[in-house]
$ cat coords-v1.tsv   # TSV, C-alpha atoms and all ligand atoms
chain	number	residue	atom	x	y	z
A	5	MET	CA	0.00	0.00	0.00
A	6	THR	CA	1.07	3.55	-0.59
A	7	THR	CA	-0.23	6.90	0.63
A	8	ILE	CA	-1.34	9.29	-2.09
A	9	GLN	CA	-2.45	12.90	-1.76
A	10	LEU	CA	-4.56	14.31	-4.55
A	11	THR	CA	-7.13	17.03	-5.05
A	12	VAL	CA	-10.47	15.94	-6.47
A	13	ASN	CA	-13.02	18.54	-7.52
A	14	GLY	CA	-11.28	21.10	-5.32
A	15	GLN	CA	-11.08	18.92	-2.21
A	16	SER	CA	-7.82	17.54	-0.86
A	17	LYS	CA	-7.90	13.75	-0.40
A	18	ILE	CA	-5.44	11.33	1.17
A	19	ILE	CA	-5.88	7.68	0.31
A	20	GLU	CA	-4.14	4.39	1.04
A	21	SER	CA	-4.01	2.30	-2.08
A	22	PRO	CA	-2.04	-0.34	-3.93
A	23	PRO	CA	0.27	1.81	-6.08
A	24	MET	CA	-0.87	0.31	-9.39
A	25	LYS	CA	-4.60	0.62	-8.69
A	26	ARG	CA	-6.18	2.53	-11.55
A	27	LEU	CA	-7.29	6.10	-10.99
A	28	LEU	CA	-10.71	5.02	-12.35
A	29	ASP	CA	-11.09	2.46	-9.57
A	30	VAL	CA	-9.86	4.82	-6.88
A	31	LEU	CA	-12.44	7.40	-7.96
A	32	ARG	CA	-15.28	4.91	-8.10
A	33	GLU	CA	-14.44	2.61	-5.18
A	34	ASP	CA	-12.41	4.66	-2.70
A	35	LEU	CA	-13.83	8.13	-3.30
A	36	HIS	CA	-17.39	7.04	-4.22
A	37	LEU	CA	-17.47	9.11	-7.40
A	38	PRO	CA	-19.14	6.83	-9.98
A	39	GLY	CA	-19.39	9.44	-12.76
A	40	ALA	CA	-16.37	8.19	-14.71
A	41	LYS	CA	-17.46	4.99	-16.45
A	42	GLU	CA	-15.56	1.90	-17.51
A	43	GLY	CA	-16.16	1.07	-21.15
A	44	CYS	CA	-13.20	-0.69	-22.74
A	45	GLY	CA	-10.69	-0.51	-19.88
A	46	GLU	CA	-7.96	-0.17	-22.51
A	47	GLY	CA	-7.75	3.53	-23.36
A	48	GLU	CA	-9.91	3.26	-26.48
A	49	CYS	CA	-13.34	4.67	-25.61
A	50	GLY	CA	-12.94	7.72	-23.36
A	51	SER	CA	-15.87	6.87	-21.10
A	52	CYS	CA	-13.50	7.05	-18.12
A	53	SER	CA	-12.18	10.53	-19.07
A	54	VAL	CA	-11.30	12.97	-16.31
A	55	LEU	CA	-9.20	16.12	-16.22
A	56	MET	CA	-5.80	15.74	-14.57
A	57	ASN	CA	-3.96	19.01	-14.06
A	58	GLY	CA	-6.13	20.40	-16.86
A	59	ASP	CA	-5.34	17.63	-19.35
A	60	LEU	CA	-7.94	15.17	-20.60
A	61	VAL	CA	-6.85	11.66	-19.57
A	62	ASN	CA	-8.25	8.15	-19.60
A	63	SER	CA	-8.44	7.25	-15.92
A	64	CYS	CA	-8.41	3.52	-16.76
A	65	LEU	CA	-4.80	3.85	-17.90
A	66	ILE	CA	-3.38	5.81	-14.96
A	67	PRO	CA	-1.97	4.05	-11.90
A	68	ILE	CA	-2.73	6.01	-8.75
A	69	LEU	CA	1.01	6.26	-8.11
A	70	GLN	CA	1.20	8.79	-10.97
A	71	VAL	CA	-1.52	10.95	-9.45
A	72	GLU	CA	0.42	12.08	-6.37
A	73	GLY	CA	-0.15	15.82	-5.91
A	74	ALA	CA	-2.38	16.11	-8.98
A	75	GLU	CA	-5.62	18.03	-9.40
A	76	ILE	CA	-8.43	15.87	-10.76
A	77	THR	CA	-11.78	17.04	-12.06
A	78	THR	CA	-14.54	14.49	-12.55
A	79	ILE	CA	-18.04	14.99	-13.88
A	80	GLU	CA	-19.21	15.40	-10.27
A	81	GLY	CA	-17.14	18.59	-10.09
A	82	VAL	CA	-18.52	20.22	-13.25
A	83	ALA	CA	-21.93	21.42	-12.07
A	84	ILE	CA	-21.97	24.83	-10.43
A	85	ASN	CA	-23.44	24.39	-6.96
A	86	GLU	CA	-26.78	22.66	-7.60
A	87	ARG	CA	-27.07	23.93	-11.19
A	88	LEU	CA	-25.96	22.18	-14.35
A	89	HIS	CA	-22.91	23.66	-16.04
A	90	PRO	CA	-23.87	25.38	-19.35
A	91	ILE	CA	-22.15	22.54	-21.24
A	92	GLN	CA	-24.32	19.99	-19.44
A	93	GLN	CA	-27.41	22.09	-20.13
A	94	CYS	CA	-26.55	22.24	-23.85
A	95	PHE	CA	-26.08	18.46	-24.00
A	96	LEU	CA	-29.46	18.08	-22.36
A	97	GLU	CA	-31.23	20.52	-24.66
A	98	ASN	CA	-29.63	19.19	-27.86
A	99	GLY	CA	-30.12	15.48	-27.25
A	100	GLY	CA	-26.38	14.97	-26.82
A	101	ALA	CA	-26.93	12.18	-24.28
A	102	GLN	CA	-28.90	8.98	-24.71
A	103	CYS	CA	-27.76	5.97	-22.65
A	104	GLY	CA	-25.34	8.27	-20.82
A	105	ILE	CA	-22.34	5.95	-20.69
A	106	CYS	CA	-20.19	8.25	-22.80
A	107	THR	CA	-21.68	11.48	-21.48
A	108	PRO	CA	-19.40	12.26	-18.50
A	109	GLY	CA	-16.36	11.79	-20.71
A	110	MET	CA	-17.92	13.81	-23.54
A	111	ILE	CA	-18.70	16.68	-21.16
A	112	LEU	CA	-15.16	16.72	-19.77
A	113	ALA	CA	-13.70	16.50	-23.28
A	114	THR	CA	-15.88	19.48	-24.19
A	115	CYS	CA	-14.68	21.43	-21.13
A	116	HIS	CA	-11.11	20.73	-22.25
A	117	LEU	CA	-11.86	21.67	-25.86
A	118	LEU	CA	-13.62	24.95	-25.07
A	119	GLU	CA	-10.86	25.92	-22.66
A	120	LYS	CA	-8.46	25.72	-25.62
A	121	TYR	CA	-10.85	26.90	-28.34
A	122	PRO	CA	-13.78	28.89	-26.93
A	123	GLN	CA	-15.28	29.14	-30.46
A	124	PRO	CA	-14.17	25.89	-32.12
A	125	THR	CA	-14.70	24.99	-35.75
A	126	LEU	CA	-16.57	21.77	-36.52
A	127	LEU	CA	-13.21	20.15	-37.32
A	128	GLN	CA	-11.79	21.24	-33.96
A	129	ILE	CA	-14.87	19.78	-32.25
A	130	GLN	CA	-14.49	16.51	-34.13
A	131	GLU	CA	-10.79	16.33	-33.28
A	132	GLY	CA	-11.34	17.42	-29.68
A	133	LEU	CA	-13.87	14.63	-29.09
A	134	SER	CA	-12.09	12.03	-31.23
A	135	GLY	CA	-10.95	10.06	-28.17
A	136	ASN	CA	-14.52	9.68	-26.90
A	137	LEU	CA	-16.72	7.09	-28.53
A	138	CYS	CA	-20.53	7.08	-28.54
A	139	ARG	CA	-22.57	4.16	-29.76
A	140	CYS	CA	-25.96	5.87	-29.46
A	141	THR	CA	-26.16	9.37	-30.86
A	142	GLY	CA	-24.35	9.22	-34.19
A	143	TYR	CA	-22.32	12.20	-32.89
A	144	ILE	CA	-24.27	14.91	-34.77
A	145	ARG	CA	-26.31	15.85	-31.68
A	146	ILE	CA	-23.17	15.88	-29.59
A	147	PHE	CA	-21.46	18.23	-32.06
A	148	ASN	CA	-24.60	20.41	-32.02
A	149	ALA	CA	-24.46	20.50	-28.22
A	150	VAL	CA	-20.83	21.59	-28.25
A	151	GLN	CA	-21.58	24.31	-30.81
A	152	ALA	CA	-24.48	25.49	-28.65
A	153	ALA	CA	-22.21	25.54	-25.59
A	154	ALA	CA	-19.66	27.63	-27.49
A	155	LEU	CA	-22.41	30.05	-28.54
A	156	VAL	CA	-23.47	30.67	-24.94
A	157	GLY	CA	-19.85	31.21	-23.92
A	158	ALA	CA	-19.70	28.08	-21.76
A	159	ALA	CA	-15.93	28.28	-21.41
A	160	GLU	CA	-16.04	31.67	-19.66
B	1	LIG	S1	-12.63	2.69	-20.13
B	1	LIG	FE1	-10.94	4.02	-20.24
B	1	LIG	S2	-10.73	4.50	-22.33
B	1	LIG	FE2	-12.36	3.03	-22.28
B	2	LIG	S1	-25.13	8.20	-25.30
B	2	LIG	FE1	-24.87	6.03	-25.24
B	2	LIG	S2	-22.77	5.78	-25.72
B	2	LIG	FE2	-23.11	7.87	-26.04
$ encode --input "coords-v1.tsv" --output "structure tokens" --more "lines below"
Ligand code: FES
Ligand code: FES
Amino acid sequence: MTTIQLTVNGQSKIIESPPMKRLLDVLREDLHLPGAKEGCGEGECGSCSVLMNGDLVNSCLIPILQVEGAEITTIEGVAINERLHPIQQCFLENGGAQCGICTPGMILATCHLLEKYPQPTLLQIQEGLSGNLCRCTGYIRIFNAVQAAALVGAAE
């Protein structure tokens, strides 16, 4: 076991964990944050995406040992108090979520994208979400949701 300090959604956490336990499992099992989902478990689908020090990462690929001192944002940290973040609201209004398995990762990928490109082109949206797979929506509604979020200035 090893002791790891990390910050999750603005709160400092200290956990005891096997050093190679995946960040995804620490979030879900130790910190009781089930928003990040396991799809492939191999870095292919993005359903486990979280932000780590501002970068979009697949939490299924990251041993907790590498997270020492890091700042993690999960989908549970995106809403503003009790209100949906504008990106979440735009996904809701544009039908960007169906079964919801990909949605936490898609939202965090969108946060990351709009931070870099507040008014992205369609190509930038497609590239920005290219690591996140969706088997339900056909992607068009997701792209519409991201464009709507950009229009309302969701990154600001
Ligand atoms: S579960 Fe992590 S990328 Fe698919
Ligand atoms: S909404 Fe079902 S996988 Fe995207």
$ residues_around --input "coords-v1.tsv" --residues "Lys120 in chain A" --least-positions-apart "2" --cutoff "12 Å" --atoms "all atoms listed in the file" --output "ChimeraX atom specification"
/A:58-60,113-118,122-125,128-129,132,154,159-160
$ residues_around --input "coords-v1.tsv" --residues "Val156 in chain A" --least-positions-apart "6" --cutoff "12 Å" --atoms "only C-alpha atoms" --output "PyMOL selection string"
chain A and resi 89-91+93-94+118+122-123+149-150
$ atom_distance --input "coords-v1.tsv" --atom1 "CA of Gln92 in chain A" --atom2 "CA of Asn13 in chain A"
16.5 Å
$ residues_near_ligand --input "coords-v1.tsv" --ligand "ligand LIG 1 (chain B)" --cutoff "7 Å" --atoms "all atoms listed in the file" --output "list of chain:residue names"
A:Lys41, A:Glu42, A:Gly43, A:Cys44, A:Gly45, A:Glu46, A:Gly47, A:Glu48, A:Cys49, A:Gly50, A:Ser51, A:Cys52, A:Ser53, A:Asn62, A:Ser63, A:Cys64, A:Leu65
$ atom_distance --input "coords-v1.tsv" --atom1 "CA of Ile8 in chain A" --atom2 "CA of Gly135 in chain A"
27.8 Å
$ residues_near_ligand --input "coords-v1.tsv" --ligand "ligand LIG 2 (chain B)" --cutoff "7 Å" --atoms "all atoms listed in the file" --output "PDB file with C-alpha atoms, in the frame of the given file"
ATOM      1  CA  ALA A 101     -26.930  12.180 -24.280  1.00  0.00           C
ATOM      2  CA  GLN A 102     -28.900   8.980 -24.710  1.00  0.00           C
ATOM      3  CA  CYS A 103     -27.760   5.970 -22.650  1.00  0.00           C
ATOM      4  CA  GLY A 104     -25.340   8.270 -20.820  1.00  0.00           C
ATOM      5  CA  ILE A 105     -22.340   5.950 -20.690  1.00  0.00           C
ATOM      6  CA  CYS A 106     -20.190   8.250 -22.800  1.00  0.00           C
ATOM      7  CA  THR A 107     -21.680  11.480 -21.480  1.00  0.00           C
ATOM      8  CA  LEU A 137     -16.720   7.090 -28.530  1.00  0.00           C
ATOM      9  CA  CYS A 138     -20.530   7.080 -28.540  1.00  0.00           C
ATOM     10  CA  ARG A 139     -22.570   4.160 -29.760  1.00  0.00           C
ATOM     11  CA  CYS A 140     -25.960   5.870 -29.460  1.00  0.00           C
ATOM     12  CA  THR A 141     -26.160   9.370 -30.860  1.00  0.00           C
TER      13      THR A 141
END
$ atom_distance --input "coords-v1.tsv" --atom1 "CA of Leu27 in chain A" --atom2 "CA of Leu69 in chain A"
8.8 Å
$ closest_residue --input "coords-v1.tsv" --among "A:Val71, A:Ile66, A:Ile76, A:Leu31" --to "Val12 in chain A" --atoms "only C-alpha atoms"
A:Ile76
$ residues_around --input "coords-v1.tsv" --residues "Ser16 in chain A" --least-positions-apart "5" --cutoff "10 Å" --atoms "all atoms listed in the file" --output "list in words"
Gln9, Leu10, Thr11, Gly73, Ala74 and Glu75 of chain A
$ closest_residue --input "coords-v1.tsv" --among "A:Glu86, A:Arg145, A:Met24, A:Gln15" --to "Ile68 in chain A" --atoms "only C-alpha atoms"
A:Met24
$ decode --input "coords-v1.tsv" --residues "range 99-120 of chain A" --atoms "N, CA, C and O atoms" --output "PDB file, in the first residue's frame"
ATOM      1  N   GLY A  99     -30.073  16.937 -27.095  1.00  0.00           N
ATOM      2  CA  GLY A  99     -30.116  15.483 -27.253  1.00  0.00           C
ATOM      3  C   GLY A  99     -28.735  14.862 -27.388  1.00  0.00           C
ATOM      4  O   GLY A  99     -28.562  13.845 -28.059  1.00  0.00           O
ATOM      5  N   GLY A 100     -27.748  15.464 -26.726  1.00  0.00           N
ATOM      6  CA  GLY A 100     -26.383  14.965 -26.823  1.00  0.00           C
ATOM      7  C   GLY A 100     -26.104  13.782 -25.916  1.00  0.00           C
ATOM      8  O   GLY A 100     -24.972  13.274 -25.901  1.00  0.00           O
ATOM      9  N   ALA A 101     -27.104  13.350 -25.159  1.00  0.00           N
ATOM     10  CA  ALA A 101     -26.933  12.178 -24.281  1.00  0.00           C
ATOM     11  C   ALA A 101     -28.114  11.241 -24.477  1.00  0.00           C
ATOM     12  O   ALA A 101     -29.265  11.691 -24.477  1.00  0.00           O
ATOM     13  N   GLN A 102     -27.810   9.973 -24.655  1.00  0.00           N
ATOM     14  CA  GLN A 102     -28.896   8.980 -24.713  1.00  0.00           C
ATOM     15  C   GLN A 102     -28.716   7.978 -23.569  1.00  0.00           C
ATOM     16  O   GLN A 102     -29.253   8.181 -22.486  1.00  0.00           O
ATOM     17  N   CYS A 103     -27.926   6.930 -23.761  1.00  0.00           N
ATOM     18  CA  CYS A 103     -27.761   5.975 -22.646  1.00  0.00           C
ATOM     19  C   CYS A 103     -26.941   6.576 -21.512  1.00  0.00           C
ATOM     20  O   CYS A 103     -27.052   6.160 -20.373  1.00  0.00           O
ATOM     21  N   GLY A 104     -26.091   7.550 -21.854  1.00  0.00           N
ATOM     22  CA  GLY A 104     -25.340   8.272 -20.824  1.00  0.00           C
ATOM     23  C   GLY A 104     -23.980   7.691 -20.477  1.00  0.00           C
ATOM     24  O   GLY A 104     -23.240   8.317 -19.712  1.00  0.00           O
ATOM     25  N   ILE A 105     -23.635   6.543 -21.045  1.00  0.00           N
ATOM     26  CA  ILE A 105     -22.345   5.955 -20.685  1.00  0.00           C
ATOM     27  C   ILE A 105     -21.178   6.860 -21.118  1.00  0.00           C
ATOM     28  O   ILE A 105     -20.219   7.061 -20.386  1.00  0.00           O
ATOM     29  N   CYS A 106     -21.295   7.417 -22.310  1.00  0.00           N
ATOM     30  CA  CYS A 106     -20.189   8.254 -22.805  1.00  0.00           C
ATOM     31  C   CYS A 106     -20.256   9.675 -22.280  1.00  0.00           C
ATOM     32  O   CYS A 106     -19.296  10.441 -22.437  1.00  0.00           O
ATOM     33  N   THR A 107     -21.402  10.061 -21.711  1.00  0.00           N
ATOM     34  CA  THR A 107     -21.677  11.477 -21.481  1.00  0.00           C
ATOM     35  C   THR A 107     -20.707  12.169 -20.512  1.00  0.00           C
ATOM     36  O   THR A 107     -20.236  13.271 -20.813  1.00  0.00           O
ATOM     37  N   PRO A 108     -20.370  11.558 -19.366  1.00  0.00           N
ATOM     38  CA  PRO A 108     -19.405  12.256 -18.495  1.00  0.00           C
ATOM     39  C   PRO A 108     -18.088  12.552 -19.211  1.00  0.00           C
ATOM     40  O   PRO A 108     -17.556  13.668 -19.106  1.00  0.00           O
ATOM     41  N   GLY A 109     -17.604  11.578 -19.967  1.00  0.00           N
ATOM     42  CA  GLY A 109     -16.364  11.787 -20.711  1.00  0.00           C
ATOM     43  C   GLY A 109     -16.521  12.839 -21.791  1.00  0.00           C
ATOM     44  O   GLY A 109     -15.626  13.663 -22.009  1.00  0.00           O
ATOM     45  N   MET A 110     -17.661  12.816 -22.485  1.00  0.00           N
ATOM     46  CA  MET A 110     -17.917  13.810 -23.536  1.00  0.00           C
ATOM     47  C   MET A 110     -17.957  15.219 -22.950  1.00  0.00           C
ATOM     48  O   MET A 110     -17.432  16.171 -23.528  1.00  0.00           O
ATOM     49  N   ILE A 111     -18.594  15.354 -21.793  1.00  0.00           N
ATOM     50  CA  ILE A 111     -18.699  16.679 -21.159  1.00  0.00           C
ATOM     51  C   ILE A 111     -17.304  17.178 -20.768  1.00  0.00           C
ATOM     52  O   ILE A 111     -16.951  18.335 -21.001  1.00  0.00           O
ATOM     53  N   LEU A 112     -16.502  16.296 -20.180  1.00  0.00           N
ATOM     54  CA  LEU A 112     -15.162  16.721 -19.766  1.00  0.00           C
ATOM     55  C   LEU A 112     -14.281  16.999 -20.981  1.00  0.00           C
ATOM     56  O   LEU A 112     -13.472  17.933 -20.963  1.00  0.00           O
ATOM     57  N   ALA A 113     -14.447  16.214 -22.053  1.00  0.00           N
ATOM     58  CA  ALA A 113     -13.699  16.496 -23.284  1.00  0.00           C
ATOM     59  C   ALA A 113     -14.117  17.854 -23.845  1.00  0.00           C
ATOM     60  O   ALA A 113     -13.289  18.610 -24.373  1.00  0.00           O
ATOM     61  N   THR A 114     -15.403  18.179 -23.709  1.00  0.00           N
ATOM     62  CA  THR A 114     -15.885  19.479 -24.186  1.00  0.00           C
ATOM     63  C   THR A 114     -15.340  20.617 -23.323  1.00  0.00           C
ATOM     64  O   THR A 114     -14.945  21.674 -23.847  1.00  0.00           O
ATOM     65  N   CYS A 115     -15.304  20.421 -22.020  1.00  0.00           N
ATOM     66  CA  CYS A 115     -14.683  21.425 -21.131  1.00  0.00           C
ATOM     67  C   CYS A 115     -13.250  21.693 -21.585  1.00  0.00           C
ATOM     68  O   CYS A 115     -12.813  22.846 -21.693  1.00  0.00           O
ATOM     69  N   HIS A 116     -12.514  20.621 -21.841  1.00  0.00           N
ATOM     70  CA  HIS A 116     -11.111  20.725 -22.249  1.00  0.00           C
ATOM     71  C   HIS A 116     -11.002  21.437 -23.597  1.00  0.00           C
ATOM     72  O   HIS A 116     -10.164  22.329 -23.787  1.00  0.00           O
ATOM     73  N   LEU A 117     -11.883  21.067 -24.522  1.00  0.00           N
ATOM     74  CA  LEU A 117     -11.855  21.668 -25.862  1.00  0.00           C
ATOM     75  C   LEU A 117     -12.151  23.166 -25.800  1.00  0.00           C
ATOM     76  O   LEU A 117     -11.428  23.984 -26.397  1.00  0.00           O
ATOM     77  N   LEU A 118     -13.213  23.541 -25.084  1.00  0.00           N
ATOM     78  CA  LEU A 118     -13.624  24.949 -25.066  1.00  0.00           C
ATOM     79  C   LEU A 118     -12.652  25.815 -24.269  1.00  0.00           C
ATOM     80  O   LEU A 118     -12.586  27.025 -24.470  1.00  0.00           O
ATOM     81  N   GLU A 119     -11.925  25.191 -23.364  1.00  0.00           N
ATOM     82  CA  GLU A 119     -10.865  25.920 -22.660  1.00  0.00           C
ATOM     83  C   GLU A 119      -9.786  26.336 -23.672  1.00  0.00           C
ATOM     84  O   GLU A 119      -9.270  27.444 -23.639  1.00  0.00           O
ATOM     85  N   LYS A 120      -9.487  25.427 -24.595  1.00  0.00           N
ATOM     86  CA  LYS A 120      -8.460  25.716 -25.615  1.00  0.00           C
ATOM     87  C   LYS A 120      -9.013  26.568 -26.741  1.00  0.00           C
ATOM     88  O   LYS A 120      -8.375  27.495 -27.222  1.00  0.00           O
TER      89      LYS A 120
END
